[in-house]
file structure-v4.txt (compact mmCIF, C-alpha atoms and all ligand atoms)
# COMPACT_ATOMS: atom_id res chain seq x y z
CA MET X 1 2.39 19.21 -3.53
CA ALA X 2 3.53 15.67 -2.76
CA LEU X 3 3.33 14.06 0.67
CA VAL X 4 6.29 11.77 1.28
CA ASN X 5 6.74 9.34 4.17
CA GLY X 6 7.97 6.30 2.29
CA LYS X 7 9.23 4.99 -1.01
CA PHE X 8 5.93 5.20 -2.85
CA GLY X 9 5.19 8.72 -1.66
CA ARG X 10 8.64 9.63 -2.93
CA ARG X 11 7.90 7.96 -6.24
CA PHE X 12 4.71 10.02 -6.60
CA ALA X 13 6.81 13.16 -6.01
CA ARG X 14 9.34 12.02 -8.60
CA ILE X 15 6.58 11.47 -11.14
CA ALA X 16 5.14 14.92 -10.39
CA GLU X 17 8.56 16.56 -10.64
CA ARG X 18 8.87 15.37 -14.24
CA HIS X 19 5.81 17.34 -15.23
CA ALA X 20 5.26 20.21 -12.84
CA GLN X 21 6.67 22.34 -10.09
CA CYS X 22 6.34 20.10 -7.06
CA ARG X 23 6.85 20.86 -3.41
CA ARG X 24 7.41 17.90 -1.12
CA VAL X 25 6.03 17.71 2.40
CA SER X 26 8.25 15.03 3.91
CA VAL X 27 8.54 13.25 7.22
CA PRO X 28 10.97 10.37 7.86
CA TRP X 29 9.85 7.04 6.36
CA GLY X 30 7.61 5.23 8.84
CA GLU X 31 6.49 8.40 10.63
CA SER X 32 3.09 10.08 10.42
CA PHE X 33 2.04 13.33 8.77
CA ASP X 34 0.91 16.15 11.01
CA LEU X 35 -2.31 17.44 9.43
CA GLU X 36 -1.70 20.96 10.72
CA ALA X 37 1.67 21.05 8.97
CA VAL X 38 0.04 19.76 5.78
CA ALA X 39 -2.65 22.46 6.04
CA ALA X 40 0.02 25.11 6.50
CA ALA X 41 1.93 23.88 3.44
CA ILE X 42 -1.04 24.09 1.05
CA THR X 43 -1.17 27.50 -0.64
CA GLU X 44 -3.39 29.18 -3.21
CA GLU X 45 -0.94 27.98 -5.83
CA THR X 46 -1.42 24.32 -4.95
CA ALA X 47 -3.25 22.76 -7.89
CA LEU X 48 -2.82 19.12 -6.94
CA VAL X 49 -1.97 17.18 -3.79
CA THR X 50 -0.60 13.62 -4.08
CA MET X 51 -0.57 11.00 -1.37
CA VAL X 52 -0.14 7.27 -0.90
CA HIS X 53 -2.96 5.65 1.07
CA ASN X 54 -1.26 2.44 2.17
CA GLU X 55 2.50 3.09 2.22
CA THR X 56 3.80 -0.38 1.41
CA SER X 57 7.42 0.46 2.17
CA THR X 58 6.69 1.15 5.85
CA GLY X 59 3.35 -0.49 6.69
CA LEU X 60 1.29 2.61 7.43
CA VAL X 61 -2.16 3.80 6.36
CA ASN X 62 -1.93 7.54 5.76
CA PRO X 63 -4.84 9.89 6.64
CA VAL X 64 -6.37 10.28 3.18
CA SER X 65 -9.64 11.52 4.62
CA GLY X 66 -8.03 14.44 6.47
CA VAL X 67 -5.77 15.47 3.59
CA GLY X 68 -8.67 15.17 1.14
CA ARG X 69 -10.62 17.64 3.26
CA LEU X 70 -7.70 20.07 3.26
CA ALA X 71 -7.24 19.78 -0.51
CA ASP X 72 -10.94 20.30 -1.06
CA GLU X 73 -10.98 23.41 1.14
CA ALA X 74 -8.08 24.79 -0.90
CA ASP X 75 -9.74 23.91 -4.24
CA ALA X 76 -6.83 21.64 -5.10
CA LEU X 77 -7.24 18.30 -6.84
CA PHE X 78 -6.31 15.22 -4.81
CA ALA X 79 -4.56 12.19 -6.34
CA VAL X 80 -4.22 9.04 -4.24
CA ASP X 81 -2.19 5.87 -4.76
CA GLY X 82 -4.50 3.10 -3.56
CA VAL X 83 -2.34 0.34 -5.00
CA THR X 84 -2.05 -1.73 -1.83
CA SER X 85 -5.33 -0.78 -0.18
CA ILE X 86 -8.07 -0.99 -2.80
CA GLY X 87 -9.60 -4.44 -2.56
CA GLY X 88 -8.13 -5.09 0.90
CA ASP X 89 -9.12 -2.08 2.97
CA VAL X 90 -11.70 0.71 3.07
CA PHE X 91 -11.23 3.29 0.31
CA CYS X 92 -13.97 5.98 0.11
CA ILE X 93 -13.49 7.90 -3.12
CA ASP X 94 -16.38 10.32 -2.61
CA ASP X 95 -16.26 10.84 1.16
CA TRP X 96 -12.52 11.46 1.06
CA ASN X 97 -12.69 13.99 -1.81
CA VAL X 98 -10.43 11.88 -4.01
CA ASP X 99 -10.16 13.19 -7.61
CA VAL X 100 -7.73 10.62 -8.96
CA ALA X 101 -7.36 7.11 -7.56
CA VAL X 102 -4.97 4.55 -8.97
CA THR X 103 -4.52 0.87 -8.27
CA ASP X 104 -2.72 -2.13 -9.71
CA ALA X 105 -4.03 -5.58 -10.53
CA GLN X 106 -1.48 -7.58 -8.59
CA LYS X 107 -1.89 -6.40 -5.00
CA ALA X 108 -5.08 -6.58 -2.94
CA LEU X 109 -7.18 -7.31 -6.04
CA ALA X 110 -5.12 -10.51 -6.46
CA ALA X 111 -5.05 -10.47 -10.27
CA PRO X 112 -1.96 -11.03 -12.44
CA PRO X 113 0.35 -8.01 -12.88
CA GLY X 114 0.37 -5.95 -16.06
CA ILE X 115 -2.59 -3.58 -15.87
CA SER X 116 -3.62 -0.72 -13.65
CA ALA X 117 -6.93 0.96 -12.96
CA LEU X 118 -7.46 4.70 -12.79
CA TYR X 119 -10.46 6.62 -11.48
CA VAL X 120 -10.87 10.32 -12.27
CA THR X 121 -13.55 12.82 -11.40
CA GLU X 122 -14.85 15.12 -14.12
CA ALA X 123 -12.88 17.99 -12.57
CA ALA X 124 -9.65 15.99 -12.75
CA ALA X 125 -10.38 14.86 -16.31
CA ALA X 126 -11.01 18.48 -17.32
CA ALA X 127 -7.67 19.51 -15.80
CA ALA X 128 -5.75 16.94 -17.85
CA ASP X 129 -4.35 17.93 -21.22
CA GLY X 130 -4.33 14.63 -23.07
CA GLU X 131 -2.51 15.96 -26.11
CA ALA X 132 0.39 17.13 -23.97
CA ALA X 133 0.91 13.58 -22.71
CA PRO X 134 2.78 10.80 -24.48
CA PHE X 135 0.54 9.44 -27.26
CA TYR X 136 -0.47 6.22 -25.52
CA GLU X 137 -1.06 8.04 -22.22
CA ASP X 138 -3.60 10.53 -23.58
CA LEU X 139 -6.19 10.44 -20.78
CA ASP X 140 -8.89 12.14 -22.86
CA TRP X 141 -8.57 9.40 -25.46
CA HIS X 142 -8.71 6.65 -22.81
CA LEU X 143 -11.82 8.20 -21.26
CA ARG X 144 -13.57 8.65 -24.62
CA LYS X 145 -12.94 5.01 -25.46
CA ALA X 146 -13.87 3.81 -21.96
CA GLY X 147 -17.30 5.35 -22.56
CA ASP X 148 -17.79 2.64 -25.22
CA ASP X 149 -16.13 -0.11 -23.12
CA GLN X 150 -13.10 0.08 -25.38
CA THR X 151 -9.44 0.92 -25.04
CA PRO X 152 -7.75 3.33 -27.46
CA PHE X 153 -5.26 0.72 -28.65
CA THR X 154 -4.89 -3.05 -28.55
CA SER X 155 -5.21 -4.03 -24.93
CA ALA X 156 -3.81 -6.94 -22.96
CA VAL X 157 -7.04 -8.92 -23.29
CA PRO X 158 -5.98 -11.94 -21.18
CA LEU X 159 -5.09 -9.56 -18.32
CA PHE X 160 -8.48 -7.87 -18.56
CA ARG X 161 -10.15 -11.31 -18.43
CA ALA X 162 -8.03 -12.25 -15.41
CA MET X 163 -8.89 -8.95 -13.69
CA ALA X 164 -12.58 -9.62 -14.31
CA ALA X 165 -12.23 -13.09 -12.75
CA ALA X 166 -10.44 -11.58 -9.73
CA LEU X 167 -13.18 -8.98 -9.29
CA GLU X 168 -15.83 -11.70 -9.50
CA ALA X 169 -14.01 -13.57 -6.74
CA ILE X 170 -14.08 -10.38 -4.63
CA GLU X 171 -17.80 -10.04 -5.31
CA ARG X 172 -18.36 -13.64 -4.19
CA GLU X 173 -16.45 -13.09 -0.93
CA GLY X 174 -18.14 -9.70 -0.45
CA LEU X 175 -16.02 -6.59 0.00
CA PRO X 176 -16.97 -5.90 3.66
CA GLY X 177 -16.07 -9.48 4.65
CA ARG X 178 -12.87 -9.32 2.61
CA ILE X 179 -11.83 -6.11 4.35
CA ARG X 180 -12.61 -7.66 7.75
CA ARG X 181 -10.49 -10.69 6.83
CA HIS X 182 -7.54 -8.48 5.79
CA ARG X 183 -7.84 -6.52 9.03
CA ARG X 184 -7.99 -9.68 11.14
CA GLN X 185 -5.03 -11.26 9.33
CA ALA X 186 -2.88 -8.12 9.58
CA ALA X 187 -3.74 -7.86 13.29
CA ALA X 188 -2.70 -11.51 13.68
CA PHE X 189 0.68 -10.73 12.07
CA ARG X 190 1.18 -7.74 14.35
CA GLU X 191 0.20 -9.63 17.50
CA GLY X 192 2.16 -12.71 16.45
CA PHE X 193 5.40 -10.88 15.72
CA THR X 194 5.26 -8.69 18.82
CA ALA X 195 4.35 -11.64 21.07
CA MET X 196 7.42 -13.53 19.85
CA GLY X 197 9.57 -10.56 20.87
CA LEU X 198 9.95 -8.52 17.68
CA GLU X 199 9.17 -4.81 17.25
CA LEU X 200 6.95 -3.29 14.58
CA PHE X 201 8.77 -0.73 12.46
CA PRO X 202 6.32 2.13 11.79
CA GLU X 203 5.23 4.76 14.27
CA PRO X 204 1.57 5.55 13.69
CA ALA X 205 0.30 8.73 15.37
CA GLY X 206 -2.87 10.78 15.14
CA ALA X 207 -5.04 9.69 12.22
CA THR X 208 -2.33 7.37 10.85
CA VAL X 209 -2.73 3.66 11.60
CA TYR X 210 -0.99 0.37 10.94
CA SER X 211 -1.56 -1.10 7.49
CA ASN X 212 -4.10 -3.87 7.12
CA THR X 213 -2.38 -5.39 4.09
CA VAL X 214 1.34 -5.24 4.86
CA THR X 215 3.25 -5.52 8.13
CA ALA X 216 6.73 -4.06 8.56
CA VAL X 217 8.89 -5.40 11.37
CA SER X 218 12.29 -4.17 12.61
CA LEU X 219 15.07 -6.73 12.37
CA PRO X 220 16.67 -7.26 15.80
CA GLY X 221 20.09 -5.63 16.14
CA PRO X 222 22.19 -8.81 15.86
CA VAL X 223 20.24 -9.96 12.75
CA ARG X 224 20.97 -6.64 11.02
CA ALA X 225 24.66 -7.53 11.02
CA GLU X 226 23.88 -10.26 8.46
CA PRO X 227 20.26 -9.97 7.31
CA THR X 228 20.76 -12.28 4.32
CA ALA X 229 21.03 -15.28 6.65
CA PHE X 230 17.54 -14.54 8.01
CA PHE X 231 16.00 -14.03 4.55
CA ASP X 232 17.66 -17.25 3.30
CA ALA X 233 16.27 -19.16 6.30
CA VAL X 234 12.75 -17.92 5.43
CA GLU X 235 13.14 -18.76 1.75
CA GLU X 236 14.38 -22.29 2.54
CA ARG X 237 10.94 -22.90 4.07
CA ASN X 238 9.20 -21.82 0.86
CA VAL X 239 7.73 -18.71 2.42
CA SER X 240 8.14 -15.26 0.90
CA VAL X 241 8.84 -12.16 2.96
CA SER X 242 10.38 -8.94 1.65
CA GLY X 243 13.20 -6.81 2.90
CA GLY X 244 13.19 -3.07 3.41
CA GLN X 245 13.21 -0.75 0.41
CA GLY X 246 15.61 2.13 -0.17
CA HIS X 247 17.58 3.05 2.93
CA LEU X 248 15.52 0.59 5.02
CA GLY X 249 17.24 -2.36 3.32
CA GLY X 250 18.75 -4.56 6.05
CA ASP X 251 16.76 -2.83 8.81
CA ILE X 252 13.29 -4.34 8.41
CA PHE X 253 11.32 -7.17 6.86
CA ARG X 254 7.81 -6.90 5.43
CA VAL X 255 5.04 -9.46 5.16
CA SER X 256 1.98 -9.06 2.97
CA ASN X 257 -1.48 -10.49 3.54
CA MET X 258 -2.97 -9.06 0.35
CA GLY X 259 -5.39 -11.08 -1.69
CA GLY X 260 -6.94 -14.42 -0.88
CA LEU X 261 -4.80 -15.87 1.90
CA GLY X 262 -6.29 -18.35 4.33
CA ASP X 263 -5.72 -18.06 8.07
CA GLU X 264 -3.47 -21.13 7.99
CA GLN X 265 -1.10 -19.27 5.65
CA ILE X 266 -0.91 -16.39 8.13
CA LEU X 267 0.03 -18.81 10.91
CA ARG X 268 2.60 -20.42 8.64
CA GLY X 269 4.10 -16.98 8.03
CA VAL X 270 4.42 -16.30 11.76
CA ARG X 271 5.79 -19.78 12.45
CA THR X 272 8.33 -19.49 9.63
CA VAL X 273 9.61 -16.08 10.71
CA GLY X 274 9.99 -17.45 14.25
CA ALA X 275 11.92 -20.51 13.05
CA ALA X 276 14.14 -18.40 10.76
CA MET X 277 14.88 -16.01 13.64
CA GLU X 278 15.90 -18.98 15.79
CA ASP X 279 18.16 -20.22 12.98
CA VAL X 280 20.08 -16.95 13.15
CA SER X 281 20.16 -17.04 16.97
CA ALA X 282 17.74 -14.16 17.55
CA ALA X 283 16.09 -14.22 20.98
CA VAL X 284 12.47 -14.92 20.05
CA ASP X 285 9.65 -17.10 21.34
CA PRO X 286 8.00 -18.52 18.18
CA ALA X 287 5.40 -20.55 20.13
CA ALA X 288 4.16 -17.42 21.90
CA GLY X 289 3.96 -15.69 18.52
CA VAL X 290 1.92 -18.44 16.90
CA ALA X 291 -0.39 -18.63 19.92
CA ALA X 292 -1.01 -14.86 19.84
CA ALA X 293 -1.68 -14.87 16.10
CA ARG X 294 -4.02 -17.84 16.43
CA ALA X 295 -5.92 -16.07 19.23
CA VAL X 296 -6.56 -13.08 16.93
CA LEU X 297 -7.59 -15.28 14.00
CA GLU X 298 -9.95 -17.33 16.14
CA GLY X 299 -11.20 -14.36 18.17
C1 LIG F 301 1.93 1.87 -2.81
C2 LIG F 301 2.44 1.33 -4.12
N1 LIG F 301 2.34 2.07 -5.22
C3 LIG F 301 2.76 1.62 -6.41
C4 LIG F 301 3.33 0.37 -6.54
C5 LIG F 301 3.76 -0.11 -7.90
O1 LIG F 301 5.09 -0.29 -7.96
P1 LIG F 301 5.77 -1.29 -8.99
O2 LIG F 301 5.07 -1.12 -10.28
O3 LIG F 301 7.20 -0.85 -9.00
O4 LIG F 301 5.58 -2.65 -8.43
C6 LIG F 301 3.48 -0.43 -5.43
C7 LIG F 301 4.14 -1.76 -5.53
O5 LIG F 301 4.60 -2.29 -4.55
C8 LIG F 301 3.01 0.05 -4.19
O6 LIG F 301 3.12 -0.71 -3.09

call {"tool": "encode", "arguments": {"input": "structure-v4.txt", "output": "structure tokens"}}
result
Amino acid sequence: MALVNGKFGRRFARIAERHAQCRRVSVPWGESFDLEAVAAAITEETALVTMVHNETSTGLVNPVSGVGRLADEADALFAVDGVTSIGGDVFCIDDWNVDVAVTDAQKALAAPPGISALYVTEAAAAAADGEAAPFYEDLDWHLRKAGDDQTPFTSAVPLFRAMAAALEAIEREGLPGRIRRHRRQAAAFREGFTAMGLELFPEPAGATVYSNTVTAVSLPGPVRAEPTAFFDAVEERNVSVSGGQGHLGGDIFRVSNMGGLGDEQILRGVRTVGAAMEDVSAAVDPAAGVAAARAVLEG
């Protein structure tokens, strides 16, 4: 069973559909799952539940804890995409009954792209049939080799070294402080953008909350008519924001605060979005936005 409320939830479903019978539990992108509906959808036949923790396409943190409890009660395994949360937000493998957790180097861990990390419980490892997988993706083989600090085939050694350096940097900052910084900086983005007159895109409800690593903002109506002009105006200022993915292209923009950003870079992001909005004649108040973001960062 795959929970879908954004592009990466949908991708998880697409991956599952290549290998198994998969039922999707979907709500519109940017909306929240109703845990009662999820509970009702899990049956005795459900062997595995998949979910994205931080849905990067919409800027929501999904209720992994609640769904993990439901999967556990139903004796189903629980696989979670923690790609844009691990290293930037709280992720409790044991407390949340997670059996498989996956993350990438290049997001909140702030290492170069090219390698991923996978965590599996013994139950999940036992359920995998390595020999049925493509040769290089034989999980049993990877786990056997990992026991000796090895990989089954020649690995991307420079990327492992870079990942180690990134993890040492996280250790130096301290994970609790790093998570607090991500939360403060994401809150500054949210306050900054709303204070300048923009509207956040996602609609968190119940146990679902705004992301602490990526902020998704609706483009004002007039800007949607020609969104490229806004994105060009941002890029001209050497700042990088992303557009919407899939059907949200042209409707929203997204700003990340993953990794090692300083508060000044957050303020620059808010200031730049404000200036770019003014360039395309959107009715915003950039000064109010910067002041609100600064108040959060200094608070
Ligand atoms: C939640 C999530 N999962 C997975 C990925 C990996 O996707 P890709 O390898 O296409 O960058 C991303 C990247 O943005 C992501 O945000």

call {"tool": "residues_around", "arguments": {"input": "structure-v4.txt", "residues": "stretch 215-223 of chain X", "least_positions_apart": "2", "cutoff": "8 Å", "atoms": "only C-alpha atoms", "output": "ChimeraX atom specification"}}
result
/X:57-59,186,189-190,193,198-202,210-213,225-227,230,250-256,280,282

call {"tool": "axis_aligned_box", "arguments": {"input": "structure-v4.txt", "around": "ligand LIG 301 (chain F)", "padding_each_side": "8 Å", "output": "AutoDock Vina command-line options"}}
result
--center_x 4.6 --center_y -0.3 --center_z -6.5 --size_x 21.3 --size_y 20.7 --size_z 23.5

call {"tool": "atom_distance", "arguments": {"input": "structure-v4.txt", "atom1": "atom CA of X:Met1", "atom2": "atom CA of X:Glu36"}}
result
14.9 Å

call {"tool": "residues_near_ligand", "arguments": {"input": "structure-v4.txt", "ligand": "ligand LIG 301 (chain F)", "cutoff": "7 Å", "atoms": "all atoms listed in the file", "output": "list in words"}}
result
Phe8, Val52, Asn54, Glu55, Thr56, Ser57, Asp81, Gly82, Val83 and Thr84 of chain X

call {"tool": "atom_distance", "arguments": {"input": "structure-v4.txt", "atom1": "atom CA of X:Val120", "atom2": "atom CA of X:Gln150"}}
result
16.8 Å

call {"tool": "residues_around", "arguments": {"input": "structure-v4.txt", "residues": "X:Gln185", "least_positions_apart": "4", "cutoff": "7 Å", "atoms": "only C-alpha atoms", "output": "PyMOL selection string"}}
result
chain X and resi 181+189+257+263+266+297

call {"tool": "closest_residue", "arguments": {"input": "structure-v4.txt", "among": "X:Ser242, X:Asn97, X:Ser85, X:Thr154", "to": "X:Arg178", "atoms": "all atoms listed in the file"}}
result
X:Ser85

call {"tool": "atom_distance", "arguments": {"input": "structure-v4.txt", "atom1": "atom CA of X:Leu60", "atom2": "atom CA of X:Leu261"}}
result
20.2 Å

call {"tool": "residues_around", "arguments": {"input": "structure-v4.txt", "residues": "stretch 160-171 of chain X", "least_positions_apart": "2", "cutoff": "7 Å", "atoms": "only C-alpha atoms", "output": "list in words"}}
result
Ala105, Leu109, Ala110, Ala111, Pro112, Ala156, Val157, Pro158, Glu173, Gly174 and Leu175 of chain X

call {"tool": "closest_residue", "arguments": {"input": "structure-v4.txt", "among": "X:Asn5, X:Thr50, X:Thr151, X:Thr208", "to": "X:Ala101", "atoms": "only C-alpha atoms"}}
result
X:Thr50

call {"tool": "closest_residue", "arguments": {"input": "structure-v4.txt", "among": "X:Gly197, X:Pro113, X:Pro134, X:Gly262", "to": "X:His19", "atoms": "all atoms listed in the file"}}
result
X:Pro134

call {"tool": "closest_residue", "arguments": {"input": "structure-v4.txt", "among": "X:Gly66, X:Gly177, X:Gly192, X:Gly246", "to": "X:Ala293", "atoms": "only C-alpha atoms"}}
result
X:Gly192

call {"tool": "residues_around", "arguments": {"input": "structure-v4.txt", "residues": "X:Leu35", "least_positions_apart": "4", "cutoff": "10 Å", "atoms": "only C-alpha atoms", "output": "short mmCIF file (atom, residue, chain, number, x, y, z; two decimals) with C-alpha atoms, keeping the file's coordinate frame"}}
result
data_model
loop_
_atom_site.label_atom_id
_atom_site.label_comp_id
_atom_site.auth_asym_id
_atom_site.auth_seq_id
_atom_site.Cartn_x
_atom_site.Cartn_y
_atom_site.Cartn_z
CA ALA X 39 -2.65 22.46 6.04
CA ALA X 40 0.02 25.11 6.50
CA ALA X 41 1.93 23.88 3.44
CA PRO X 63 -4.84 9.89 6.64
CA GLY X 66 -8.03 14.44 6.47
CA VAL X 67 -5.77 15.47 3.59
CA LEU X 70 -7.70 20.07 3.26
CA GLY X 206 -2.87 10.78 15.14
CA ALA X 207 -5.04 9.69 12.22
#

call {"tool": "residues_around", "arguments": {"input": "structure-v4.txt", "residues": "X:Ala229", "least_positions_apart": "5", "cutoff": "10 Å", "atoms": "all atoms listed in the file", "output": "PyMOL selection string"}}
result
chain X and resi 223-224+234-235+276-277+279-280
